[in-house]
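**Student:** Provided below: protein25.cif, containing mmCIF, N, CA and C atoms.
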data_entry
loop_
_atom_site.label_atom_id
_atom_site.label_comp_id
_atom_site.auth_asym_id
_atom_site.auth_seq_id
_atom_site.Cartn_x
_atom_site.Cartn_y
_atom_site.Cartn_z
N MET A 1427 50.15 219.85 111.08
CA MET A 1427 50.72 219.91 112.40
C MET A 1427 52.04 219.17 112.42
N GLY A 1428 52.91 219.58 113.31
CA GLY A 1428 54.22 218.95 113.42
C GLY A 1428 54.15 217.61 114.13
N LYS A 1429 55.15 216.83 113.89
CA LYS A 1429 55.22 215.51 114.51
C LYS A 1429 55.65 215.64 115.97
N VAL A 1430 54.99 214.92 116.86
CA VAL A 1430 55.33 214.95 118.28
C VAL A 1430 56.44 213.94 118.51
N THR A 1431 57.56 214.43 119.05
CA THR A 1431 58.71 213.54 119.26
C THR A 1431 58.85 213.12 120.71
N GLY A 1432 58.17 213.80 121.62
CA GLY A 1432 58.30 213.48 123.03
C GLY A 1432 59.49 214.15 123.68
N LYS A 1433 60.27 214.88 122.90
CA LYS A 1433 61.44 215.57 123.45
C LYS A 1433 61.01 216.93 124.00
N VAL A 1434 61.42 217.19 125.22
CA VAL A 1434 61.10 218.46 125.84
C VAL A 1434 62.35 219.32 125.86
N THR A 1435 62.23 220.51 125.33
CA THR A 1435 63.37 221.44 125.38
C THR A 1435 62.93 222.69 126.11
N ARG A 1436 63.76 223.15 126.99
CA ARG A 1436 63.49 224.38 127.71
C ARG A 1436 64.32 225.47 127.09
N LYS A 1437 63.67 226.55 126.80
CA LYS A 1437 64.38 227.68 126.22
C LYS A 1437 64.17 228.88 127.13
N PHE A 1438 65.21 229.65 127.28
CA PHE A 1438 65.18 230.81 128.14
C PHE A 1438 65.46 232.06 127.31
N ILE A 1439 64.87 233.15 127.72
CA ILE A 1439 65.11 234.42 127.05
C ILE A 1439 66.00 235.25 127.96
N THR A 1440 67.13 235.70 127.43
CA THR A 1440 68.07 236.50 128.21
C THR A 1440 67.57 237.94 128.31
N ARG A 1441 68.25 238.73 129.12
CA ARG A 1441 67.88 240.15 129.25
C ARG A 1441 67.97 240.87 127.91
N GLU A 1442 68.88 240.39 127.07
CA GLU A 1442 69.07 241.01 125.77
C GLU A 1442 68.02 240.55 124.76
N GLY A 1443 67.16 239.61 125.15
CA GLY A 1443 66.12 239.11 124.27
C GLY A 1443 66.55 237.92 123.43
N GLU A 1444 67.73 237.38 123.70
CA GLU A 1444 68.23 236.21 122.97
C GLU A 1444 67.63 234.94 123.56
N VAL A 1445 67.22 234.02 122.69
CA VAL A 1445 66.67 232.74 123.14
C VAL A 1445 67.79 231.71 123.19
N VAL A 1446 67.97 231.09 124.36
CA VAL A 1446 69.04 230.09 124.51
C VAL A 1446 68.47 228.81 125.11
N GLU A 1447 69.02 227.67 124.71
CA GLU A 1447 68.58 226.38 125.26
C GLU A 1447 69.35 226.02 126.52
N HIS A 1448 70.63 226.36 126.56
CA HIS A 1448 71.47 226.02 127.70
C HIS A 1448 72.05 227.31 128.28
N PRO A 1449 71.31 227.93 129.20
CA PRO A 1449 71.77 229.21 129.74
C PRO A 1449 72.97 229.05 130.66
N THR A 1450 73.75 230.10 130.73
CA THR A 1450 74.88 230.13 131.65
C THR A 1450 74.35 230.41 133.06
N ALA A 1451 75.23 230.27 134.03
CA ALA A 1451 74.83 230.55 135.42
C ALA A 1451 74.38 231.99 135.57
N GLU A 1452 75.05 232.91 134.89
CA GLU A 1452 74.68 234.33 134.99
C GLU A 1452 73.30 234.57 134.37
N GLN A 1453 73.04 233.89 133.26
CA GLN A 1453 71.73 234.05 132.63
C GLN A 1453 70.63 233.46 133.51
N MET A 1454 70.92 232.35 134.14
CA MET A 1454 69.93 231.75 135.05
C MET A 1454 69.68 232.64 136.25
N GLU A 1455 70.73 233.25 136.77
CA GLU A 1455 70.57 234.16 137.90
C GLU A 1455 69.69 235.34 137.51
N ALA A 1456 69.93 235.88 136.33
CA ALA A 1456 69.11 236.99 135.86
C ALA A 1456 67.65 236.56 135.70
N PHE A 1457 67.45 235.35 135.18
CA PHE A 1457 66.10 234.81 135.03
C PHE A 1457 65.42 234.69 136.39
N HIS A 1458 66.13 234.15 137.38
CA HIS A 1458 65.54 233.98 138.71
C HIS A 1458 65.23 235.33 139.36
N GLU A 1459 66.09 236.32 139.13
CA GLU A 1459 65.81 237.66 139.66
C GLU A 1459 64.53 238.22 139.06
N LYS A 1460 64.40 238.06 137.75
CA LYS A 1460 63.21 238.57 137.07
C LYS A 1460 61.96 237.84 137.56
N LEU A 1461 62.08 236.52 137.71
CA LEU A 1461 60.95 235.74 138.19
C LEU A 1461 60.56 236.15 139.60
N ALA A 1462 61.54 236.35 140.47
CA ALA A 1462 61.26 236.77 141.85
C ALA A 1462 60.57 238.13 141.86
N TYR A 1463 61.02 239.04 141.00
CA TYR A 1463 60.41 240.37 140.91
C TYR A 1463 58.94 240.25 140.49
N LEU A 1464 58.67 239.40 139.49
CA LEU A 1464 57.29 239.22 139.03
C LEU A 1464 56.42 238.60 140.10
N VAL A 1465 56.93 237.60 140.80
CA VAL A 1465 56.15 236.94 141.85
C VAL A 1465 55.85 237.91 142.98
N CYS A 1466 56.84 238.68 143.38
CA CYS A 1466 56.63 239.66 144.46
C CYS A 1466 55.59 240.70 144.04
N GLY A 1467 55.69 241.16 142.81
CA GLY A 1467 54.72 242.12 142.30
C GLY A 1467 53.31 241.55 142.31
N PHE A 1468 53.18 240.30 141.92
CA PHE A 1468 51.87 239.66 141.93
C PHE A 1468 51.34 239.54 143.36
N LEU A 1469 52.21 239.15 144.30
CA LEU A 1469 51.76 238.99 145.68
C LEU A 1469 51.31 240.32 146.28
N VAL A 1470 52.01 241.39 145.95
CA VAL A 1470 51.60 242.72 146.43
C VAL A 1470 50.24 243.09 145.85
N TRP A 1471 50.07 242.87 144.54
CA TRP A 1471 48.79 243.16 143.89
C TRP A 1471 47.67 242.34 144.52
N GLN A 1472 47.93 241.05 144.76
CA GLN A 1472 46.93 240.17 145.34
C GLN A 1472 46.51 240.66 146.73
N GLU A 1473 47.47 241.08 147.52
CA GLU A 1473 47.17 241.58 148.87
C GLU A 1473 46.35 242.87 148.81
N LYS A 1474 46.69 243.76 147.88
CA LYS A 1474 45.92 245.00 147.72
C LYS A 1474 44.48 244.70 147.32
N GLU A 1475 44.30 243.73 146.42
CA GLU A 1475 42.95 243.33 146.00
C GLU A 1475 42.16 242.77 147.17
N LYS A 1476 42.82 241.97 148.01
CA LYS A 1476 42.15 241.38 149.17
C LYS A 1476 41.70 242.49 150.13
N ILE A 1477 42.56 243.46 150.36
CA ILE A 1477 42.22 244.58 151.24
C ILE A 1477 41.05 245.37 150.67
N LYS A 1478 41.09 245.60 149.35
CA LYS A 1478 40.01 246.34 148.69
C LYS A 1478 38.68 245.60 148.83
N ARG A 1479 38.70 244.28 148.62
CA ARG A 1479 37.48 243.49 148.74
C ARG A 1479 36.95 243.52 150.17
N ASN A 1480 37.85 243.41 151.15
CA ASN A 1480 37.42 243.46 152.55
C ASN A 1480 36.79 244.80 152.89
N GLN A 1481 37.35 245.88 152.37
CA GLN A 1481 36.78 247.20 152.61
C GLN A 1481 35.39 247.31 152.00
N GLN A 1482 35.22 246.75 150.79
CA GLN A 1482 33.91 246.79 150.15
C GLN A 1482 32.89 246.00 150.95
N VAL A 1483 33.28 244.86 151.48
CA VAL A 1483 32.38 244.05 152.29
C VAL A 1483 31.99 244.81 153.55
N GLU A 1484 32.97 245.44 154.19
CA GLU A 1484 32.68 246.20 155.40
C GLU A 1484 31.73 247.36 155.11
N GLU A 1485 31.94 248.03 153.96
CA GLU A 1485 31.06 249.15 153.61
C GLU A 1485 29.64 248.66 153.37
N ARG A 1486 29.49 247.50 152.71
CA ARG A 1486 28.16 246.94 152.49
C ARG A 1486 27.50 246.56 153.81
N GLN A 1487 28.29 245.96 154.72
CA GLN A 1487 27.73 245.58 156.01
C GLN A 1487 27.30 246.81 156.80
N ASP A 1488 28.11 247.88 156.76
CA ASP A 1488 27.75 249.12 157.44
C ASP A 1488 26.46 249.69 156.85
N PHE A 1489 26.38 249.68 155.52
CA PHE A 1489 25.19 250.21 154.84
C PHE A 1489 23.95 249.41 155.22
N MET A 1490 24.10 248.08 155.23
CA MET A 1490 22.97 247.22 155.57
C MET A 1490 22.54 247.42 157.02
N SER A 1491 23.50 247.59 157.93
CA SER A 1491 23.14 247.80 159.33
C SER A 1491 22.42 249.13 159.52
N VAL A 1492 22.75 250.14 158.75
CA VAL A 1492 22.06 251.44 158.82
C VAL A 1492 20.64 251.29 158.27
N MET A 1493 20.49 250.54 157.18
CA MET A 1493 19.19 250.36 156.57
C MET A 1493 18.25 249.57 157.48
N VAL A 1494 18.78 248.59 158.20
CA VAL A 1494 17.96 247.74 159.05
C VAL A 1494 17.52 248.50 160.30
N SER A 1495 18.38 249.33 160.83
CA SER A 1495 18.04 250.00 162.09
C SER A 1495 17.16 251.22 161.89
#
Just give me the structure as C-alpha cells.
**Tutor:**
Amino acid sequence: MGKVTGKVTRKFITREGEVVEHPTAEQMEAFHEKLAYLVCGFLVWQEKEKIKRNQQVEERQDFMSVMVS
C-alpha cells in the first residue's frame, strides 16, 4: 500500500476526458453544468419513483377495501 501523506488533491475531468488538478474557470463552469444536469436528472427520477410507489399503495388499499367489503 502507498504511504499516506495527508495531502488532499482534487482532480477534475474535463469534457475532453483530460484529468486536471487546477481547472480553469471555463472547465469549472462545464463541471458545474454537468453536475447540475445529473442532480436534476436524479431529482426527476426520484419524484417518478415516489409517484409510482404512491400509486402502488393506493392500488393495494383499493384492493384491500374491495376484499373486506
**Student:** Could you pull the residues within 8 Å of Ala1456 (chain A), counting only N, CA and C atoms, minus those fewer than 6 positions along the same chain, as a ChimeraX atom specification?
**Tutor:** /A:1440-1441,1450,1462
**Student:** For a test of reading the model, state the distance in Å between CA of Leu1469 (chain A) and CA of Met1454 (chain A), rounded to one decimal.
**Tutor:** 22.3 Å
**Student:** Can you list every residue in chain A that DSSP puts in strand (DSSP E or B), as a list in words?
**Tutor:** Phe1438, Ile1439, Val1445 and Val1446 of chain A
**Student:** For a cut-off of 8 Å around (69.3, 226.0, 121.6), file coordinates, pick out all residues using only N, CA and C atoms and list them as a tab-separated table (two decimals) with N, CA and C atoms, in the coordinates of the input.
**Tutor:**
chain	number	residue	atom	x	y	z
A	1436	ARG	N	63.76	223.15	126.99
A	1436	ARG	CA	63.49	224.38	127.71
A	1436	ARG	C	64.32	225.47	127.09
A	1437	LYS	N	63.67	226.55	126.80
A	1437	LYS	CA	64.38	227.68	126.22
A	1437	LYS	C	64.17	228.88	127.13
A	1438	PHE	N	65.21	229.65	127.28
A	1438	PHE	CA	65.18	230.81	128.14
A	1438	PHE	C	65.46	232.06	127.31
A	1445	VAL	N	67.22	234.02	122.69
A	1445	VAL	CA	66.67	232.74	123.14
A	1445	VAL	C	67.79	231.71	123.19
A	1446	VAL	N	67.97	231.09	124.36
A	1446	VAL	CA	69.04	230.09	124.51
A	1446	VAL	C	68.47	228.81	125.11
A	1447	GLU	N	69.02	227.67	124.71
A	1447	GLU	CA	68.58	226.38	125.26
A	1447	GLU	C	69.35	226.02	126.52
A	1448	HIS	N	70.63	226.36	126.56
A	1448	HIS	CA	71.47	226.02	127.70
A	1448	HIS	C	72.05	227.31	128.28
**Student:** Between atom C of Ile1439 (chain A) and atom C of Glu1452 (chain A), what is the spacing in Å?
**Tutor:**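 Separation of atom C of Glu1452 (chain A) and atom C of Ile1439 (chain A): 9.7 Å.
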**Student:** Could you rebuild region 1451-1462 of chain A with all heavy atoms and give me the result as a PDB file, keeping the file's coordinate frame?
**Tutor:**
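File produced: out23.pdb:
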ATOM      1  N   ALA A1451      75.230 230.270 134.030  1.00  0.00           N
ATOM      2  CA  ALA A1451      74.830 230.550 135.420  1.00  0.00           C
ATOM      3  C   ALA A1451      74.380 231.990 135.570  1.00  0.00           C
ATOM      4  O   ALA A1451      73.409 232.278 136.287  1.00  0.00           O
ATOM      5  CB  ALA A1451      75.983 230.233 136.359  1.00  0.00           C
ATOM      6  N   GLU A1452      75.050 232.910 134.890  1.00  0.00           N
ATOM      7  CA  GLU A1452      74.680 234.330 134.990  1.00  0.00           C
ATOM      8  C   GLU A1452      73.300 234.570 134.370  1.00  0.00           C
ATOM      9  O   GLU A1452      72.495 235.334 134.910  1.00  0.00           O
ATOM     10  CB  GLU A1452      75.727 235.191 134.281  1.00  0.00           C
ATOM     11  CG  GLU A1452      77.067 235.188 134.980  1.00  0.00           C
ATOM     12  CD  GLU A1452      78.198 235.605 134.055  1.00  0.00           C
ATOM     13  OE1 GLU A1452      78.015 235.620 132.824  1.00  0.00           O
ATOM     14  OE2 GLU A1452      79.272 235.909 134.574  1.00  0.00           O
ATOM     15  N   GLN A1453      73.040 233.890 133.260  1.00  0.00           N
ATOM     16  CA  GLN A1453      71.730 234.050 132.630  1.00  0.00           C
ATOM     17  C   GLN A1453      70.630 233.460 133.510  1.00  0.00           C
ATOM     18  O   GLN A1453      69.541 234.025 133.606  1.00  0.00           O
ATOM     19  CB  GLN A1453      71.722 233.391 131.249  1.00  0.00           C
ATOM     20  CG  GLN A1453      72.569 234.124 130.235  1.00  0.00           C
ATOM     21  CD  GLN A1453      72.767 233.340 128.956  1.00  0.00           C
ATOM     22  OE1 GLN A1453      72.765 232.107 128.967  1.00  0.00           O
ATOM     23  NE2 GLN A1453      72.950 234.043 127.847  1.00  0.00           N
ATOM     24  N   MET A1454      70.920 232.350 134.140  1.00  0.00           N
ATOM     25  CA  MET A1454      69.930 231.750 135.050  1.00  0.00           C
ATOM     26  C   MET A1454      69.680 232.640 136.250  1.00  0.00           C
ATOM     27  O   MET A1454      68.546 232.782 136.717  1.00  0.00           O
ATOM     28  CB  MET A1454      70.387 230.361 135.516  1.00  0.00           C
ATOM     29  CG  MET A1454      70.207 229.279 134.496  1.00  0.00           C
ATOM     30  SD  MET A1454      68.511 229.090 133.919  1.00  0.00           S
ATOM     31  CE  MET A1454      67.706 228.495 135.391  1.00  0.00           C
ATOM     32  N   GLU A1455      70.730 233.250 136.770  1.00  0.00           N
ATOM     33  CA  GLU A1455      70.570 234.160 137.900  1.00  0.00           C
ATOM     34  C   GLU A1455      69.690 235.340 137.510  1.00  0.00           C
ATOM     35  O   GLU A1455      68.792 235.731 138.262  1.00  0.00           O
ATOM     36  CB  GLU A1455      71.942 234.648 138.367  1.00  0.00           C
ATOM     37  CG  GLU A1455      71.880 235.493 139.619  1.00  0.00           C
ATOM     38  CD  GLU A1455      73.256 235.929 140.102  1.00  0.00           C
ATOM     39  OE1 GLU A1455      74.257 235.265 139.782  1.00  0.00           O
ATOM     40  OE2 GLU A1455      73.309 236.946 140.812  1.00  0.00           O
ATOM     41  N   ALA A1456      69.930 235.880 136.330  1.00  0.00           N
ATOM     42  CA  ALA A1456      69.110 236.990 135.860  1.00  0.00           C
ATOM     43  C   ALA A1456      67.650 236.560 135.700  1.00  0.00           C
ATOM     44  O   ALA A1456      66.720 237.297 136.046  1.00  0.00           O
ATOM     45  CB  ALA A1456      69.653 237.524 134.535  1.00  0.00           C
ATOM     46  N   PHE A1457      67.450 235.350 135.180  1.00  0.00           N
ATOM     47  CA  PHE A1457      66.100 234.810 135.030  1.00  0.00           C
ATOM     48  C   PHE A1457      65.420 234.690 136.390  1.00  0.00           C
ATOM     49  O   PHE A1457      64.259 235.073 136.549  1.00  0.00           O
ATOM     50  CB  PHE A1457      66.171 233.450 134.335  1.00  0.00           C
ATOM     51  CG  PHE A1457      64.862 232.712 134.326  1.00  0.00           C
ATOM     52  CD1 PHE A1457      63.856 233.083 133.452  1.00  0.00           C
ATOM     53  CD2 PHE A1457      64.642 231.652 135.190  1.00  0.00           C
ATOM     54  CE1 PHE A1457      62.643 232.405 133.444  1.00  0.00           C
ATOM     55  CE2 PHE A1457      63.432 230.980 135.187  1.00  0.00           C
ATOM     56  CZ  PHE A1457      62.431 231.348 134.315  1.00  0.00           C
ATOM     57  N   HIS A1458      66.130 234.150 137.380  1.00  0.00           N
ATOM     58  CA  HIS A1458      65.540 233.980 138.710  1.00  0.00           C
ATOM     59  C   HIS A1458      65.230 235.330 139.360  1.00  0.00           C
ATOM     60  O   HIS A1458      64.221 235.468 140.049  1.00  0.00           O
ATOM     61  CB  HIS A1458      66.470 233.147 139.608  1.00  0.00           C
ATOM     62  CG  HIS A1458      66.476 231.713 139.238  1.00  0.00           C
ATOM     63  ND1 HIS A1458      67.633 231.004 139.038  1.00  0.00           N
ATOM     64  CD2 HIS A1458      65.473 230.833 138.996  1.00  0.00           C
ATOM     65  CE1 HIS A1458      67.344 229.762 138.700  1.00  0.00           C
ATOM     66  NE2 HIS A1458      66.042 229.632 138.670  1.00  0.00           N
ATOM     67  N   GLU A1459      66.090 236.320 139.130  1.00  0.00           N
ATOM     68  CA  GLU A1459      65.810 237.660 139.660  1.00  0.00           C
ATOM     69  C   GLU A1459      64.530 238.220 139.060  1.00  0.00           C
ATOM     70  O   GLU A1459      63.681 238.772 139.763  1.00  0.00           O
ATOM     71  CB  GLU A1459      66.975 238.598 139.359  1.00  0.00           C
ATOM     72  CG  GLU A1459      68.199 238.377 140.206  1.00  0.00           C
ATOM     73  CD  GLU A1459      69.356 239.268 139.783  1.00  0.00           C
ATOM     74  OE1 GLU A1459      69.159 240.185 138.965  1.00  0.00           O
ATOM     75  OE2 GLU A1459      70.466 239.030 140.274  1.00  0.00           O
ATOM     76  N   LYS A1460      64.400 238.060 137.750  1.00  0.00           N
ATOM     77  CA  LYS A1460      63.210 238.570 137.070  1.00  0.00           C
ATOM     78  C   LYS A1460      61.960 237.840 137.560  1.00  0.00           C
ATOM     79  O   LYS A1460      60.925 238.448 137.796  1.00  0.00           O
ATOM     80  CB  LYS A1460      63.375 238.385 135.559  1.00  0.00           C
ATOM     81  CG  LYS A1460      62.352 239.130 134.729  1.00  0.00           C
ATOM     82  CD  LYS A1460      62.511 238.866 133.239  1.00  0.00           C
ATOM     83  CE  LYS A1460      63.863 239.294 132.743  1.00  0.00           C
ATOM     84  NZ  LYS A1460      64.011 239.089 131.289  1.00  0.00           N
ATOM     85  N   LEU A1461      62.080 236.520 137.710  1.00  0.00           N
ATOM     86  CA  LEU A1461      60.950 235.740 138.190  1.00  0.00           C
ATOM     87  C   LEU A1461      60.560 236.150 139.600  1.00  0.00           C
ATOM     88  O   LEU A1461      59.368 236.308 139.907  1.00  0.00           O
ATOM     89  CB  LEU A1461      61.305 234.250 138.153  1.00  0.00           C
ATOM     90  CG  LEU A1461      60.208 233.280 138.566  1.00  0.00           C
ATOM     91  CD1 LEU A1461      58.997 233.411 137.645  1.00  0.00           C
ATOM     92  CD2 LEU A1461      60.744 231.858 138.537  1.00  0.00           C
ATOM     93  N   ALA A1462      61.540 236.350 140.470  1.00  0.00           N
ATOM     94  CA  ALA A1462      61.260 236.770 141.850  1.00  0.00           C
ATOM     95  C   ALA A1462      60.570 238.130 141.860  1.00  0.00           C
ATOM     96  O   ALA A1462      59.622 238.347 142.627  1.00  0.00           O
ATOM     97  CB  ALA A1462      62.553 236.820 142.652  1.00  0.00           C
TER      98      ALA A1462
END
